[in-house]
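Listing of structure.pdb; format and content: PDB, C-alpha atoms and all ligand atoms.
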```pdb
MODEL        1
ATOM      1  CA  MET A   1      21.415 -47.164   7.470
ATOM      2  CA  TYR A   2      18.933 -46.410  10.209
ATOM      3  CA  LEU A   3      17.077 -44.161   7.835
ATOM      4  CA  LYS A   4      16.783 -47.007   5.407
ATOM      5  CA  GLU A   5      15.230 -49.190   8.067
ATOM      6  CA  ALA A   6      13.033 -46.456   9.458
ATOM      7  CA  ILE A   7      11.482 -45.473   6.147
ATOM      8  CA  SER A   8      10.273 -48.362   4.123
ATOM      9  CA  LEU A   9       9.837 -47.011   0.641
ATOM     10  CA  PRO A  10       7.387 -48.883  -1.524
ATOM     11  CA  VAL A  11       9.898 -49.094  -4.381
ATOM     12  CA  ASP A  12      12.672 -51.590  -3.843
ATOM     13  CA  ASN A  13      15.384 -49.604  -5.586
ATOM     14  CA  PRO A  14      18.836 -49.577  -3.948
ATOM     15  CA  TYR A  15      19.866 -46.353  -5.749
ATOM     16  CA  LEU A  16      16.930 -44.488  -4.306
ATOM     17  CA  TYR A  17      18.617 -44.278  -0.876
ATOM     18  CA  GLN A  18      21.833 -42.973  -2.400
ATOM     19  CA  MET A  19      19.915 -40.319  -4.261
ATOM     20  CA  ILE A  20      18.249 -38.881  -1.165
ATOM     21  CA  PRO A  21      21.265 -36.919   0.188
ATOM     22  CA  LYS A  22      21.881 -35.373  -3.264
ATOM     23  CA  THR A  23      18.267 -34.334  -3.516
ATOM     24  CA  TRP A  24      18.453 -32.814  -0.061
ATOM     25  CA  CYS A  25      21.639 -30.924  -0.937
ATOM     26  CA  PHE A  26      19.982 -29.605  -4.058
ATOM     27  CA  LEU A  27      16.812 -28.602  -2.192
ATOM     28  CA  PHE A  28      18.836 -26.987   0.585
ATOM     29  CA  THR A  29      20.866 -24.942  -1.920
ATOM     30  CA  LEU A  30      17.648 -23.911  -3.620
ATOM     31  CA  PHE A  31      16.159 -22.913  -0.266
ATOM     32  CA  VAL A  32      19.204 -20.799   0.667
ATOM     33  CA  PHE A  33      19.207 -19.130  -2.748
ATOM     34  CA  TYR A  34      15.481 -18.410  -2.614
ATOM     35  CA  SER A  35      15.632 -17.141   0.983
ATOM     36  CA  THR A  36      18.446 -14.748   0.048
ATOM     37  CA  LEU A  37      16.384 -13.398  -2.830
ATOM     38  CA  VAL A  38      13.331 -12.961  -0.590
ATOM     39  CA  TYR A  39      15.483 -11.259   2.031
ATOM     40  CA  ILE A  40      16.979  -8.808  -0.445
ATOM     41  CA  TYR A  41      13.674  -7.907  -2.061
ATOM     42  CA  SER A  42      11.665  -7.671   1.160
ATOM     43  CA  ASN A  43      14.281  -5.531   2.881
ATOM     44  CA  PRO A  44      12.679  -2.147   3.687
ATOM     45  CA  GLU A  45      15.993  -0.411   2.908
ATOM     46  CA  THR A  46      15.808  -1.541  -0.727
ATOM     47  CA  GLN A  47      12.098  -0.736  -0.847
ATOM     48  CA  LYS A  48      12.881   2.820   0.211
ATOM     49  CA  THR A  49      15.143   3.381  -2.766
ATOM     50  CA  LYS A  50      12.414   2.346  -5.200
ATOM     51  CA  VAL A  51      10.122   5.277  -4.437
ATOM     52  CA  PRO A  52      11.262   8.900  -4.121
ATOM     53  CA  LYS A  53      12.166   9.941  -0.554
ATOM     54  CA  ASP A  54       9.405  12.546  -0.192
ATOM     55  CA  VAL A  55       6.773  10.050  -1.362
ATOM     56  CA  TYR A  56       7.998   7.576   1.218
ATOM     57  CA  ALA A  57       7.971  10.239   3.948
ATOM     58  CA  GLY A  58       4.459  11.252   2.885
ATOM     59  CA  MET A  59       3.283   7.657   3.151
ATOM     60  CA  ASN A  60       4.619   7.504   6.700
ATOM     61  CA  ILE A  61       2.746  10.670   7.644
ATOM     62  CA  TRP A  62      -0.372   9.248   6.007
ATOM     63  CA  GLN A  63      -0.048   6.185   8.274
ATOM     64  CA  GLN A  64       0.986   8.016  11.454
ATOM     65  CA  LYS A  65      -1.840  10.564  11.233
ATOM     66  CA  ASN A  66      -4.344   7.848  10.332
ATOM     67  CA  CYS A  67      -5.676   9.714   7.306
ATOM     68  CA  HIS A  68      -7.188   6.417   6.093
ATOM     69  CA  THR A  69      -9.636   6.300   8.992
ATOM     70  CA  CYS A  70     -11.584   9.098   7.271
ATOM     71  CA  HIS A  71     -10.315   8.910   3.662
ATOM     72  CA  GLN A  72     -10.174   6.128   1.120
ATOM     73  CA  LEU A  73      -7.369   5.244  -1.268
ATOM     74  CA  TYR A  74      -8.407   2.896  -4.082
ATOM     75  CA  GLY A  75     -11.845   2.846  -2.473
ATOM     76  CA  LEU A  76     -10.564   1.461   0.835
ATOM     77  CA  GLY A  77     -10.656   3.377   4.095
ATOM     78  CA  GLY A  78     -13.049   5.443   6.158
ATOM     79  CA  TYR A  79     -16.005   7.310   4.679
ATOM     80  CA  MET A  80     -16.093  10.518   6.658
ATOM     81  CA  GLY A  81     -13.957  12.350   4.088
ATOM     82  CA  PRO A  82     -13.716  11.856   0.320
ATOM     83  CA  ASP A  83     -11.616   9.328  -1.626
ATOM     84  CA  LEU A  84      -8.239  10.926  -2.332
ATOM     85  CA  THR A  85      -6.873   8.497  -4.941
ATOM     86  CA  ASN A  86      -7.300  10.760  -7.954
ATOM     87  CA  MET A  87      -7.617  14.153  -6.279
ATOM     88  CA  ALA A  88      -4.172  15.347  -7.449
ATOM     89  CA  SER A  89      -5.150  15.082 -11.121
ATOM     90  CA  ASP A  90      -8.689  16.395 -10.539
ATOM     91  CA  LYS A  91      -8.884  19.644 -12.550
ATOM     92  CA  THR A  92     -11.407  21.203 -10.160
ATOM     93  CA  LYS A  93      -9.207  20.395  -7.122
ATOM     94  CA  GLY A  94      -5.535  19.500  -7.461
ATOM     95  CA  PRO A  95      -2.460  19.987  -5.216
ATOM     96  CA  ALA A  96      -3.003  23.630  -4.218
ATOM     97  CA  TYR A  97      -6.571  22.893  -3.106
ATOM     98  CA  MET A  98      -5.436  19.814  -1.171
ATOM     99  CA  LYS A  99      -2.640  21.735   0.478
ATOM    100  CA  VAL A 100      -5.083  24.148   2.140
ATOM    101  CA  PHE A 101      -7.145  21.303   3.621
ATOM    102  CA  ILE A 102      -4.108  19.386   4.862
ATOM    103  CA  GLN A 103      -2.409  22.443   6.319
ATOM    104  CA  TYR A 104      -5.355  23.993   8.123
ATOM    105  CA  GLY A 105      -8.072  21.338   8.388
ATOM    106  CA  THR A 106     -11.756  22.275   8.464
ATOM    107  CA  ASN A 107     -14.463  22.084  11.080
ATOM    108  CA  LYS A 108     -14.844  18.411  10.086
ATOM    109  CA  MET A 109     -11.227  17.517   9.362
ATOM    110  CA  PRO A 110      -8.648  18.023  12.112
ATOM    111  CA  ASN A 111      -5.641  20.311  11.715
ATOM    112  CA  PHE A 112      -2.604  18.073  12.155
ATOM    113  CA  HIS A 113      -0.201  21.023  12.511
ATOM    114  CA  LEU A 114       2.095  19.601   9.855
ATOM    115  CA  THR A 115       5.083  21.632   8.736
ATOM    116  CA  GLU A 116       5.253  23.026   5.191
ATOM    117  CA  THR A 117       7.656  20.210   4.197
ATOM    118  CA  GLU A 118       5.401  17.529   5.680
ATOM    119  CA  VAL A 119       2.377  18.866   3.794
ATOM    120  CA  ASP A 120       4.398  18.763   0.561
ATOM    121  CA  GLN A 121       5.468  15.189   1.347
ATOM    122  CA  VAL A 122       1.856  14.067   1.878
ATOM    123  CA  ILE A 123       0.922  15.711  -1.418
ATOM    124  CA  ALA A 124       3.878  14.026  -3.155
ATOM    125  CA  PHE A 125       2.543  10.718  -1.808
ATOM    126  CA  LEU A 126      -0.996  11.442  -3.002
ATOM    127  CA  LYS A 127       0.315  12.459  -6.448
ATOM    128  CA  TRP A 128       2.201   9.184  -6.617
ATOM    129  CA  VAL A 129      -0.934   7.245  -5.618
ATOM    130  CA  ASP A 130      -2.857   9.138  -8.295
ATOM    131  CA  LYS A 131      -0.568   7.786 -11.013
ATOM    132  CA  SER A 132      -1.212   4.190  -9.960
ATOM    133  CA  GLY A 133      -4.876   3.832 -10.832
ATOM    134  CA  LYS A 134      -8.413   5.141 -10.838
ATOM    135  CA  THR A 135     -11.069   4.391  -8.249
ATOM    136  CA  ARG A 136     -13.543   7.206  -8.370
ATOM    137  CA  VAL A 137     -16.876   6.031  -9.702
ATOM    138  CA  SER A 138     -18.412   8.520 -12.165
ATOM    139  CA  PRO A 139     -21.721  10.078 -11.008
ATOM    140  CA  GLN A 140     -23.501   8.410 -13.960
ATOM    141  CA  SER A 141     -22.562   4.999 -12.545
ATOM    142  CA  VAL A 142     -24.198   5.640  -9.186
ATOM    143  CA  HIS A 143     -27.858   4.699  -8.878
ATOM    144  CA  TRP A 144     -30.081   7.040  -6.813
ATOM    145  CA  THR A 145     -30.178   4.355  -4.099
ATOM    146  CA  GLY A 146     -26.396   4.654  -3.782
ATOM    147  CA  THR A 147     -25.606   1.321  -5.441
ATOM    148  CA  TYR A 148     -22.905   1.221  -8.128
ATOM    149  CA  ILE A 149     -24.183   0.332 -11.584
ATOM    150  CA  ILE A 150     -21.760  -2.187 -13.049
ATOM    151  CA  ASN A 151     -22.277  -3.057 -16.705
TER     152      ASN A 151
HETATM  153  C1  LIG B 201     -11.429  12.857  11.354
HETATM  154  C2  LIG B 201     -11.458  12.481   9.986
HETATM  155  C3  LIG B 201     -10.362  12.960   9.064
HETATM  156  C4  LIG B 201      -9.028  12.680   9.132
HETATM  157  C5  LIG B 201      -8.291  11.889  10.193
HETATM  158  C6  LIG B 201      -8.421  13.295   7.982
HETATM  159  N1  LIG B 201      -9.377  13.917   7.220
HETATM  160 FE1  LIG B 201      -9.081  14.882   5.457
HETATM  161  N2  LIG B 201     -11.037  15.398   5.399
HETATM  162  C7  LIG B 201     -11.993  14.971   6.306
HETATM  163  C8  LIG B 201     -13.276  15.533   5.908
HETATM  164  C9  LIG B 201     -14.583  15.311   6.640
HETATM  165  C10 LIG B 201     -13.052  16.293   4.741
HETATM  166  C11 LIG B 201     -14.055  17.153   3.983
HETATM  167  C12 LIG B 201     -13.793  18.523   4.499
HETATM  168  C13 LIG B 201     -14.980  19.391   4.641
HETATM  169  O1  LIG B 201     -15.858  19.338   3.774
HETATM  170  O2  LIG B 201     -15.009  20.135   5.642
HETATM  171  C14 LIG B 201     -11.620  16.174   4.445
HETATM  172  C15 LIG B 201     -10.990  16.774   3.351
HETATM  173  C16 LIG B 201      -9.710  16.519   2.960
HETATM  174  C17 LIG B 201      -9.114  16.989   1.732
HETATM  175  C18 LIG B 201      -9.800  17.831   0.681
HETATM  176  C19 LIG B 201     -10.665  16.956  -0.155
HETATM  177  C20 LIG B 201     -11.946  17.592  -0.610
HETATM  178  O3  LIG B 201     -12.259  17.472  -1.773
HETATM  179  O4  LIG B 201     -12.656  18.175   0.206
HETATM  180  C21 LIG B 201      -7.831  16.506   1.691
HETATM  181  C22 LIG B 201      -6.807  16.693   0.576
HETATM  182  C23 LIG B 201      -7.610  15.776   2.921
HETATM  183  N3  LIG B 201      -8.779  15.795   3.657
HETATM  184  C24 LIG B 201      -6.431  15.136   3.269
HETATM  185  C25 LIG B 201      -6.209  14.523   4.484
HETATM  186  C26 LIG B 201      -4.930  14.021   4.913
HETATM  187  C27 LIG B 201      -3.657  14.060   4.107
HETATM  188  C28 LIG B 201      -5.114  13.505   6.167
HETATM  189  C29 LIG B 201      -4.048  12.942   7.091
HETATM  190  C30 LIG B 201      -2.942  13.798   7.409
HETATM  191  C31 LIG B 201      -6.506  13.664   6.515
HETATM  192  N4  LIG B 201      -7.137  14.300   5.472
HETATM  193  C32 LIG B 201      -7.067  13.231   7.687
HETATM  194  C33 LIG B 201     -11.800  14.177   7.396
HETATM  195  C34 LIG B 201     -10.579  13.729   7.853
ENDMDL
END
```

Take the structure in the file and write it out as structure tokens.
Amino acid sequence: MYLKEAISLPVDNPYLYQMIPKTWCFLFTLFVFYSTLVYIYSNPETQKTKVPKDVYAGMNIWQQKNCHTCHQLYGLGGYMGPDLTNMASDKTKGPAYMKVFIQYGTNKMPNFHLTETEVDQVIAFLKWVDKSGKTRVSPQSVHWTGTYIIN
């Protein structure tokens, strides 16, 4: 009753006020249903089961050791080291080559003193990333000034 007086709807339809609670009930049910779906699908526990365990562990190491401050994935990240997106499938490099760098570092890349298992997990993560897309620009597409040539 108060609601009716408080909101003066432009349409003078008596059924409109009766419809409001039903609409609210419907919207509320929809909201609860949608929120539950969002909760289930955004739950990190369910996310974990979608990717293999070692890949997930490798991703955590990648984040904890801040590999992205020097390396790029999909072209994003630091530029001190090379892009690692497609290194796993690179015939001139590949997992064994990567393993040496990750395990021992170089004079430019730090040695993170990772265990054998951790190194394998990082490589599993990088192999998984490799399957998801290509980012390396071919040398022919780079102008001598360093700009990418996009046709
Ligand atoms: C301080 C910057 C820095 C960080 C942090 C870093 N790297 Fe590197 N990384 C480099 C540099 C620079 C190179 C090139 C090595 C060289 O030429 O000496 C390299 C090389 C590599 C290579 C070999 C690629 C190639 O073709 O030379 C791999 C694989 C690699 N890094 C993985 C990792 C991983 C995994 C992490 C995180 C655990 C990491 N890096 C963290 C700087 C870094």

> What would the list of residues within 10 Å of (5.5, 10.4, 0.5) (file frame) look like as a ChimeraX atom specification, if all atoms listed in the file are what count?
Replying inline: /A:51-62,118-129

Export C-alpha atoms of the chosen residues as a short mmCIF file (atom, residue, chain, number, x, y, z; two decimals), in the frame of the given file?
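See selection-v9.cif below for the written result:
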```cif
data_model
loop_
_atom_site.label_atom_id
_atom_site.label_comp_id
_atom_site.auth_asym_id
_atom_site.auth_seq_id
_atom_site.Cartn_x
_atom_site.Cartn_y
_atom_site.Cartn_z
CA VAL A 51 10.12 5.28 -4.44
CA PRO A 52 11.26 8.90 -4.12
CA LYS A 53 12.17 9.94 -0.55
CA ASP A 54 9.40 12.55 -0.19
CA VAL A 55 6.77 10.05 -1.36
CA TYR A 56 8.00 7.58 1.22
CA ALA A 57 7.97 10.24 3.95
CA GLY A 58 4.46 11.25 2.88
CA MET A 59 3.28 7.66 3.15
CA ASN A 60 4.62 7.50 6.70
CA ILE A 61 2.75 10.67 7.64
CA TRP A 62 -0.37 9.25 6.01
CA GLU A 118 5.40 17.53 5.68
CA VAL A 119 2.38 18.87 3.79
CA ASP A 120 4.40 18.76 0.56
CA GLN A 121 5.47 15.19 1.35
CA VAL A 122 1.86 14.07 1.88
CA ILE A 123 0.92 15.71 -1.42
CA ALA A 124 3.88 14.03 -3.16
CA PHE A 125 2.54 10.72 -1.81
CA LEU A 126 -1.00 11.44 -3.00
CA LYS A 127 0.32 12.46 -6.45
CA TRP A 128 2.20 9.18 -6.62
CA VAL A 129 -0.93 7.24 -5.62
#
```

Box centre and edge lengths (Å, one decimal), axis-aligned, ligand LIG 201 (chain B) plus 5 Å each side, as AutoDock Vina command-line options:
```
--center_x -9.4 --center_y 16.0 --center_z 4.8 --size_x 22.9 --size_y 18.2 --size_z 23.1
```

>> Which residues would end up in the selection if the PyMOL selection byres (((chain A and resi 89) around 12) and not hetatm) were applied here, given that I need the answer as a PyMOL selection string?
In response: chain A and resi 84-88+90-98+123+126-134+136

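Across the chains present, the PyMOL selection byres (((not hetatm)) within 6 of (chain B and resi 201)) applied to this file returns Trp62, Lys65, Asn66, Cys67, Thr69, Cys70, Met80, Gly81, Pro82, Met98, Phe101, Ile102, Thr106, Asn107, Lys108, Met109, Pro110 and Val122 of chain A.
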
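Here atom CA of Ile20 of chain A is placed at a distance of 19.8 Å from atom CA of Phe33 of chain A.
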
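For the pair atom CA of Gly75 of chain A and atom CA of Val142 of chain A, the separation is 14.3 Å.
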
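The two atoms in question, atom CA of Phe112 of chain A and atom CA of Gly78 of chain A, are spaced 17.5 Å apart.
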
Could you pull segment 16-108 of chain A out of the block above and give me C-alpha atoms, as a short mmCIF file (atom, residue, chain, number, x, y, z; two decimals), in the first residue's frame?
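Full text of out-v8.cif as output:
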```cif
data_model
loop_
_atom_site.label_atom_id
_atom_site.label_comp_id
_atom_site.auth_asym_id
_atom_site.auth_seq_id
_atom_site.Cartn_x
_atom_site.Cartn_y
_atom_site.Cartn_z
CA LEU A 16 0.69 -3.67 -12.33
CA TYR A 17 1.10 -3.45 -8.53
CA GLN A 18 0.04 -7.06 -8.08
CA MET A 19 2.55 -8.15 -10.67
CA ILE A 20 5.53 -6.54 -8.94
CA PRO A 21 6.01 -9.16 -6.17
CA LYS A 22 5.85 -11.99 -8.74
CA THR A 23 8.43 -10.28 -10.89
CA TRP A 24 10.65 -9.81 -7.87
CA CYS A 25 10.28 -13.47 -6.88
CA PHE A 26 11.19 -14.49 -10.40
CA LEU A 27 14.19 -12.13 -10.52
CA PHE A 28 15.34 -13.25 -7.08
CA THR A 29 15.17 -16.93 -8.10
CA LEU A 30 17.08 -16.11 -11.25
CA PHE A 31 19.70 -14.24 -9.22
CA VAL A 32 20.15 -17.15 -6.78
CA PHE A 33 20.41 -19.63 -9.65
CA TYR A 34 22.92 -17.48 -11.54
CA SER A 35 24.99 -16.77 -8.41
CA THR A 36 25.20 -20.51 -7.68
CA LEU A 37 26.42 -21.17 -11.21
CA VAL A 38 29.02 -18.39 -10.95
CA TYR A 39 30.13 -19.72 -7.58
CA ILE A 40 30.56 -23.26 -8.85
CA TYR A 41 32.44 -22.27 -11.98
CA SER A 42 34.66 -19.65 -10.34
CA ASN A 43 35.61 -21.95 -7.47
CA PRO A 44 39.39 -22.53 -7.64
CA GLU A 45 38.86 -26.14 -6.50
CA THR A 46 36.90 -26.92 -9.68
CA GLN A 47 39.38 -24.94 -11.76
CA LYS A 48 42.18 -27.13 -10.43
CA THR A 49 40.55 -30.28 -11.73
CA LYS A 50 40.33 -28.88 -15.25
CA VAL A 51 44.08 -28.74 -15.82
CA PRO A 52 46.51 -31.53 -14.92
CA LYS A 53 48.02 -31.21 -11.42
CA ASP A 54 51.62 -30.74 -12.58
CA VAL A 55 50.57 -27.98 -15.00
CA TYR A 56 48.78 -26.22 -12.18
CA ALA A 57 51.80 -26.60 -9.87
CA GLY A 58 54.05 -25.29 -12.65
CA MET A 59 51.84 -22.24 -13.08
CA ASN A 60 52.16 -21.51 -9.37
CA ILE A 61 55.95 -21.72 -9.56
CA TRP A 62 55.86 -19.48 -12.62
CA GLN A 63 53.95 -16.89 -10.55
CA GLN A 64 55.91 -17.30 -7.30
CA LYS A 65 59.31 -17.00 -8.99
CA ASN A 66 58.11 -14.08 -11.11
CA CYS A 67 59.32 -15.60 -14.37
CA HIS A 68 57.05 -13.14 -16.22
CA THR A 69 59.11 -10.16 -15.09
CA CYS A 70 61.80 -11.26 -17.57
CA HIS A 71 59.87 -13.57 -19.94
CA GLN A 72 56.76 -13.11 -22.02
CA LEU A 73 53.88 -15.52 -22.54
CA TYR A 74 51.62 -14.64 -25.48
CA GLY A 75 53.83 -11.59 -25.97
CA LEU A 76 53.11 -10.19 -22.50
CA GLY A 77 55.73 -9.86 -19.79
CA GLY A 78 59.25 -8.57 -19.32
CA TYR A 79 61.77 -8.33 -22.14
CA MET A 80 65.02 -9.32 -20.50
CA GLY A 81 64.60 -12.97 -21.52
CA PRO A 82 62.89 -14.47 -24.57
CA ASP A 83 59.19 -15.23 -25.10
CA LEU A 84 58.55 -18.77 -23.87
CA THR A 85 55.08 -19.38 -25.35
CA ASN A 86 56.16 -21.75 -28.11
CA MET A 87 59.58 -22.83 -26.85
CA ALA A 88 58.43 -26.38 -25.98
CA SER A 89 57.55 -27.15 -29.60
CA ASP A 90 60.58 -25.29 -31.01
CA LYS A 91 62.65 -27.96 -32.79
CA THR A 92 65.93 -26.15 -32.12
CA LYS A 93 65.13 -25.83 -28.38
CA GLY A 94 62.45 -27.93 -26.70
CA PRO A 95 62.00 -29.33 -23.15
CA ALA A 96 65.52 -30.69 -22.58
CA TYR A 97 67.08 -27.36 -23.56
CA MET A 98 64.64 -25.46 -21.34
CA LYS A 99 65.29 -27.77 -18.44
CA VAL A 100 68.99 -26.84 -18.33
CA PHE A 101 68.21 -23.11 -18.20
CA ILE A 102 65.53 -23.48 -15.54
CA GLN A 103 67.59 -25.82 -13.38
CA TYR A 104 70.89 -23.96 -13.43
CA GLY A 105 70.21 -20.43 -14.68
CA THR A 106 72.85 -18.46 -16.59
CA ASN A 107 74.89 -15.38 -15.83
CA LYS A 108 71.81 -13.37 -16.90
#
```
